[in-house]
>>> print(open('run_5.txt').read())   # compact mmCIF, C-alpha atoms
# COMPACT_ATOMS: atom_id res chain seq x y z
CA LYS A 1 0.00 0.00 0.00
CA ASN A 2 1.29 3.41 -0.95
CA GLN A 3 2.21 5.51 2.06
CA VAL A 4 1.01 8.67 0.32
CA GLU A 5 -2.56 8.78 -0.97
CA GLN A 6 -3.95 11.65 -2.99
CA SER A 7 -7.53 12.54 -3.82
CA PRO A 8 -9.29 13.07 -6.03
CA GLN A 9 -7.49 11.19 -8.78
CA SER A 10 -8.74 13.74 -11.29
CA LEU A 11 -10.69 16.98 -11.14
CA ILE A 12 -12.27 19.28 -13.70
CA ILE A 13 -13.17 22.84 -12.79
CA LEU A 14 -14.11 26.01 -14.63
CA GLU A 15 -11.69 28.87 -14.96
CA GLY A 16 -11.93 31.28 -12.04
CA LYS A 17 -13.20 28.67 -9.58
CA ASN A 18 -11.36 27.45 -6.49
CA CYS A 19 -10.41 23.88 -5.72
CA THR A 20 -8.75 21.83 -3.01
CA LEU A 21 -6.55 18.80 -3.47
CA GLN A 22 -5.93 16.32 -0.66
CA CYS A 23 -2.91 14.32 0.46
CA ASN A 24 -2.98 11.75 3.27
CA TYR A 25 0.17 10.00 4.38
CA THR A 26 1.32 7.32 6.79
CA VAL A 27 5.06 8.01 6.47
CA SER A 28 6.76 8.03 9.86
CA PRO A 29 8.82 9.64 11.22
CA PHE A 30 7.80 12.70 9.24
CA SER A 31 10.29 15.26 7.97
CA ASN A 32 8.50 17.41 5.46
CA LEU A 33 5.92 17.40 2.69
CA ARG A 34 6.24 19.03 -0.70
CA TRP A 35 3.72 19.76 -3.37
CA TYR A 36 4.94 19.59 -6.96
CA LYS A 37 3.23 20.72 -10.14
CA GLN A 38 3.82 18.68 -13.26
CA ASP A 39 2.72 20.14 -16.58
CA THR A 40 2.06 17.71 -19.41
CA GLY A 41 5.32 16.64 -21.01
CA ARG A 42 7.44 18.31 -18.34
CA GLY A 43 9.12 17.29 -15.10
CA PRO A 44 7.60 18.17 -11.71
CA VAL A 45 8.38 21.58 -10.22
CA SER A 46 8.30 22.28 -6.48
CA LEU A 47 5.47 24.58 -5.38
CA THR A 48 5.82 24.62 -1.63
CA ILE A 49 7.27 22.74 1.32
CA MET A 50 5.54 22.08 4.63
CA THR A 51 7.56 21.17 7.71
CA PHE A 52 6.25 19.64 10.92
CA SER A 53 5.71 22.98 12.66
CA GLU A 54 3.94 24.71 9.79
CA ASN A 55 0.15 24.73 9.44
CA THR A 56 -0.30 26.85 6.35
CA LYS A 57 1.83 28.44 3.68
CA SER A 58 0.92 30.45 0.60
CA ASN A 59 2.65 30.81 -2.74
CA GLY A 60 0.61 33.20 -4.85
CA ARG A 61 -2.73 31.58 -5.58
CA TYR A 62 -1.58 28.30 -4.01
CA THR A 63 -2.12 27.70 -0.30
CA ALA A 64 -0.92 24.52 1.37
CA THR A 65 -2.00 23.29 4.76
CA LEU A 66 -0.62 20.58 7.00
CA ASP A 67 -2.16 18.76 9.95
CA ALA A 68 0.64 16.63 11.33
CA ASP A 69 -1.65 15.04 13.89
CA THR A 70 -4.02 13.60 11.32
CA LYS A 71 -1.26 13.30 8.70
CA GLN A 72 -3.16 15.25 6.12
CA SER A 73 -2.22 18.04 3.77
CA SER A 74 -4.23 20.04 1.28
CA LEU A 75 -3.39 22.31 -1.62
CA HIS A 76 -5.94 25.03 -2.28
CA ILE A 77 -5.91 26.83 -5.60
CA THR A 78 -7.72 30.16 -5.76
CA ALA A 79 -9.18 31.75 -8.88
CA SER A 80 -7.98 28.98 -11.14
CA GLN A 81 -6.41 29.73 -14.51
CA LEU A 82 -6.03 27.60 -17.61
CA SER A 83 -2.32 27.31 -16.85
CA ASP A 84 -3.16 25.53 -13.60
CA SER A 85 -4.09 22.45 -15.65
CA ALA A 86 -1.47 19.92 -14.54
CA SER A 87 -0.82 16.99 -12.27
CA TYR A 88 -0.18 17.92 -8.63
CA ILE A 89 2.03 15.51 -6.76
CA CYS A 90 2.44 15.22 -2.99
CA VAL A 91 5.86 14.00 -1.79
CA VAL A 92 6.69 13.12 1.81
CA SER A 93 10.13 12.50 3.27
CA ASP A 94 10.87 10.66 6.49
CA ARG A 95 13.30 11.88 9.12
CA GLY A 96 15.29 8.70 9.07
CA SER A 97 15.60 8.53 5.35
CA THR A 98 18.74 7.75 3.45
CA LEU A 99 19.51 9.73 0.36
CA GLY A 100 16.68 9.58 -2.12
CA ARG A 101 14.10 8.06 0.22
CA LEU A 102 11.03 10.01 -0.71
CA TYR A 103 7.43 8.81 -0.86
CA PHE A 104 5.42 9.96 -3.86
CA GLY A 105 1.69 10.15 -4.29
CA ARG A 106 0.13 9.28 -7.63
CA GLY A 107 -0.96 12.83 -8.20
CA THR A 108 -4.22 14.63 -8.87
CA GLN A 109 -4.83 15.51 -12.50
CA LEU A 110 -6.44 18.95 -12.58
CA THR A 111 -8.09 20.26 -15.73
CA VAL A 112 -9.28 23.85 -15.89
CA TRP A 113 -11.85 24.58 -18.59
CA PRO A 114 -12.52 28.04 -20.03
CA GLU B 1 13.35 27.08 -14.60
CA ALA B 2 15.67 24.24 -13.60
CA ASP B 3 18.95 23.86 -15.47
CA ILE B 4 18.68 20.14 -16.00
CA TYR B 5 18.39 18.67 -19.45
CA GLN B 6 17.37 15.31 -20.81
CA THR B 7 17.78 13.94 -24.30
CA PRO B 8 16.12 12.63 -26.27
CA ARG B 9 12.62 13.83 -25.34
CA TYR B 10 11.05 10.92 -27.22
CA LEU B 11 12.53 7.62 -28.32
CA VAL B 12 10.94 4.72 -30.20
CA ILE B 13 13.14 1.68 -30.66
CA GLY B 14 12.93 -2.02 -31.37
CA THR B 15 13.36 -4.82 -28.88
CA GLY B 16 16.95 -5.80 -28.14
CA LYS B 17 18.51 -2.43 -28.93
CA LYS B 18 20.98 -0.76 -26.60
CA ILE B 19 20.04 2.77 -25.61
CA THR B 20 21.44 5.55 -23.47
CA LEU B 21 19.30 8.29 -21.99
CA GLU B 22 21.26 11.47 -21.36
CA CYS B 23 20.92 13.79 -18.37
CA SER B 24 22.98 16.88 -17.63
CA GLN B 25 22.67 19.63 -15.04
CA THR B 26 24.50 22.93 -14.75
CA MET B 27 23.62 23.70 -11.14
CA GLY B 28 26.63 21.93 -9.64
CA HIS B 29 24.44 19.54 -7.66
CA ASP B 30 26.20 16.51 -6.23
CA LYS B 31 23.05 14.40 -5.96
CA MET B 32 21.33 13.04 -9.03
CA TYR B 33 18.49 10.58 -9.56
CA TRP B 34 16.62 8.59 -12.17
CA TYR B 35 12.90 8.01 -11.72
CA GLN B 36 10.45 5.97 -13.76
CA GLN B 37 6.92 7.30 -14.16
CA ASP B 38 3.93 5.51 -15.67
CA PRO B 39 0.57 7.21 -16.27
CA GLY B 40 -1.45 7.59 -13.09
CA MET B 41 1.25 6.01 -10.98
CA GLU B 42 3.73 7.36 -8.47
CA LEU B 43 7.36 8.01 -9.40
CA HIS B 44 9.70 5.13 -8.67
CA LEU B 45 13.39 5.63 -7.92
CA ILE B 46 15.58 3.40 -10.07
CA HIS B 47 19.07 4.85 -9.54
CA TYR B 48 20.76 7.62 -7.58
CA SER B 49 24.20 9.09 -7.08
CA TYR B 50 25.84 10.96 -4.20
CA GLY B 51 28.54 12.37 -6.47
CA VAL B 52 31.27 11.43 -8.93
CA ASN B 53 31.99 7.68 -9.02
CA SER B 54 29.07 6.99 -6.67
CA THR B 55 25.97 5.14 -7.91
CA GLU B 56 23.29 3.14 -6.12
CA LYS B 57 20.21 1.17 -7.12
CA GLY B 58 16.88 2.56 -6.01
CA ASP B 59 13.68 0.99 -4.82
CA LEU B 60 12.49 -0.26 -8.17
CA SER B 61 14.31 -3.20 -9.69
CA SER B 62 15.70 -2.13 -13.01
CA GLU B 63 17.76 -3.72 -15.74
CA SER B 64 19.36 -0.39 -16.49
CA THR B 65 22.77 0.86 -15.41
CA VAL B 66 24.09 4.34 -14.69
CA SER B 67 27.46 6.04 -14.48
CA ARG B 68 28.70 9.27 -12.87
CA ILE B 69 32.08 10.20 -14.28
CA ARG B 70 31.41 13.93 -14.16
CA THR B 71 29.34 15.92 -11.66
CA GLU B 72 27.06 17.34 -14.33
CA HIS B 73 26.40 14.15 -16.28
CA PHE B 74 24.34 11.10 -15.23
CA PRO B 75 23.44 8.87 -18.18
CA LEU B 76 21.22 5.81 -17.96
CA THR B 77 21.83 2.79 -20.22
CA LEU B 78 19.63 -0.12 -21.19
CA GLU B 79 21.75 -2.90 -22.73
CA SER B 80 18.81 -4.69 -24.34
CA ALA B 81 15.51 -2.86 -24.43
CA ARG B 82 12.24 -4.76 -24.01
CA PRO B 83 8.59 -3.65 -24.34
CA SER B 84 8.33 -3.74 -20.51
CA HIS B 85 10.82 -0.84 -20.45
CA THR B 86 8.29 1.42 -22.13
CA SER B 87 7.82 4.31 -19.72
CA GLN B 88 8.65 7.93 -18.93
CA TYR B 89 12.12 8.38 -17.44
CA LEU B 90 12.76 11.47 -15.33
CA CYS B 91 16.17 12.68 -14.25
CA ALA B 92 16.50 14.91 -11.19
CA SER B 93 19.14 16.57 -9.06
CA SER B 94 19.34 18.22 -5.67
CA GLU B 95 21.83 20.14 -3.60
CA GLU B 96 23.46 18.87 -0.44
CA ARG B 97 21.81 21.19 2.11
CA ASP B 98 18.28 20.70 0.76
CA TRP B 99 18.47 17.29 -0.85
CA GLU B 100 14.71 16.69 -0.62
CA LYS B 101 13.96 19.50 -3.08
CA LEU B 102 14.31 17.88 -6.48
CA PHE B 103 14.88 19.68 -9.74
CA PHE B 104 13.57 17.58 -12.61
CA GLY B 105 14.36 17.44 -16.29
CA SER B 106 11.55 17.28 -18.83
CA GLY B 107 11.84 13.53 -19.16
CA THR B 108 12.39 10.98 -21.91
CA GLN B 109 9.35 9.09 -23.15
CA LEU B 110 10.63 5.68 -24.20
CA SER B 111 8.61 3.28 -26.34
CA VAL B 112 10.02 -0.17 -27.07
CA LEU B 113 8.27 -2.04 -29.86
>>> encode(input="run_5.txt", output="structure tokens")
Amino acid sequence: KNQVEQSPQSLIILEGKNCTLQCNYTVSPFSNLRWYKQDTGRGPVSLTIMTFSENTKSNGRYTATLDADTKQSSLHITASQLSDSASYICVVSDRGSTLGRLYFGRGTQLTVWP
Amino acid sequence: EADIYQTPRYLVIGTGKKITLECSQTMGHDKMYWYQQDPGMELHLIHYSYGVNSTEKGDLSSESTVSRIRTEHFPLTLESARPSHTSQYLCASSEERDWEKLFFGSGTQLSVL
């Protein structure tokens, strides 16, 4: 079973609307959680990082939250644009990890329609 | 925009051929990685490197090999490609002090017929 689960698997919204993507994890001990954006035909790009002590962090129209107690994170996108169409991947690292030990979710495929 | 480059972007080859996927980065990162990505699935680590002359196998069993003769270059080689190798291959790098932040190339989409 994957230690990082994302929902929904896919999502279609209209331009200008808001949406929220979810990431639940079981990775322990927890170090940090990153959200990546992957455009079609491109590699993932880091959007934001959440550490254990952080509850919320914003990066423009993207706001990430973290509840370390329930092991849940969300990525909220405000006033969506066509360019937000992409896959959003949640990645969790564990405190005891060796180099390269990251846990990837399968991503949420977001499509923004005009 | 990350300074990490992969070539070719797309490759279609026949079974049994030997191929090398190229990856280069100009950021001076010591750590480099190869991931395999299939549609709708999570990324799987197949190889990584701490630095020059250092290579390790990742979590996913792979018939590929890698080399790290120069800091900026981390090629992946398949000696005999098979249809099961059809996938997207992503190269990434990271710096020592923030190794968990990966910078990815645009990937190579490999199709083996």
>>> closest_atom_pairs(input="run_5.txt", of="chain A", to="chain B", cutoff="8 Å", atoms="all atoms listed in the file", output="Markdown table")
| residue | atom | partner | partner_atom | distance |
| --- | --- | --- | --- | --- |
| A:Gly41 | CA | B:Ser106 | CA | 6.6 |
| A:Arg42 | CA | B:Ser106 | CA | 4.3 |
| A:Gly43 | CA | B:Ser106 | CA | 4.5 |
| A:Pro44 | CA | B:Phe104 | CA | 6.1 |
| A:Val45 | CA | B:Phe103 | CA | 6.8 |
| A:Ser46 | CA | B:Lys101 | CA | 7.2 |
| A:Ser93 | CA | B:Glu100 | CA | 7.3 |
| A:Leu99 | CA | B:Trp99 | CA | 7.7 |
| A:Gly100 | CA | B:Tyr48 | CA | 7.1 |
| A:Leu102 | CA | B:Glu100 | CA | 7.6 |
| A:Phe104 | CA | B:Glu42 | CA | 5.6 |
| A:Gly105 | CA | B:Glu42 | CA | 5.4 |
| A:Arg106 | CA | B:Glu42 | CA | 4.2 |
| A:Gly107 | CA | B:Gly40 | CA | 7.2 |
>>> atom_distance(input="run_5.txt", atom1="atom CA of B:Asp3", atom2="atom CA of B:Gly28")
9.8 Å
>>> atom_distance(input="run_5.txt", atom1="atom CA of A:Phe30", atom2="atom CA of A:Val92")
7.5 Å
>>> closest_residue(input="run_5.txt", among="A:Ser10, A:Gly16, A:Ser28, A:Ser53", to="A:Pro114", atoms="all atoms listed in the file")
A:Gly16
>>> residues_around(input="run_5.txt", residues="B:Lys17", least_positions_apart="3", cutoff="8 Å", atoms="all atoms listed in the file", output="list in words")
Ile13, Gly14, Glu79, Ser80 and Ala81 of chain B
>>> residues_around(input="run_5.txt", residues="stretch 17-27 of chain A", least_positions_apart="2", cutoff="6 Å", atoms="all atoms listed in the file", output="PyMOL selection string")
chain A and resi 3-7+14-15+71-80
>>> residues_near_point(input="run_5.txt", point="(8.7, 5.2, -23.5)", cutoff="9 Å", atoms="only C-alpha atoms", output="list of chain:residue names")
B:Tyr10, B:Leu11, B:Val12, B:Pro83, B:His85, B:Thr86, B:Ser87, B:Gln88, B:Tyr89, B:Thr108, B:Gln109, B:Leu110, B:Ser111, B:Val112
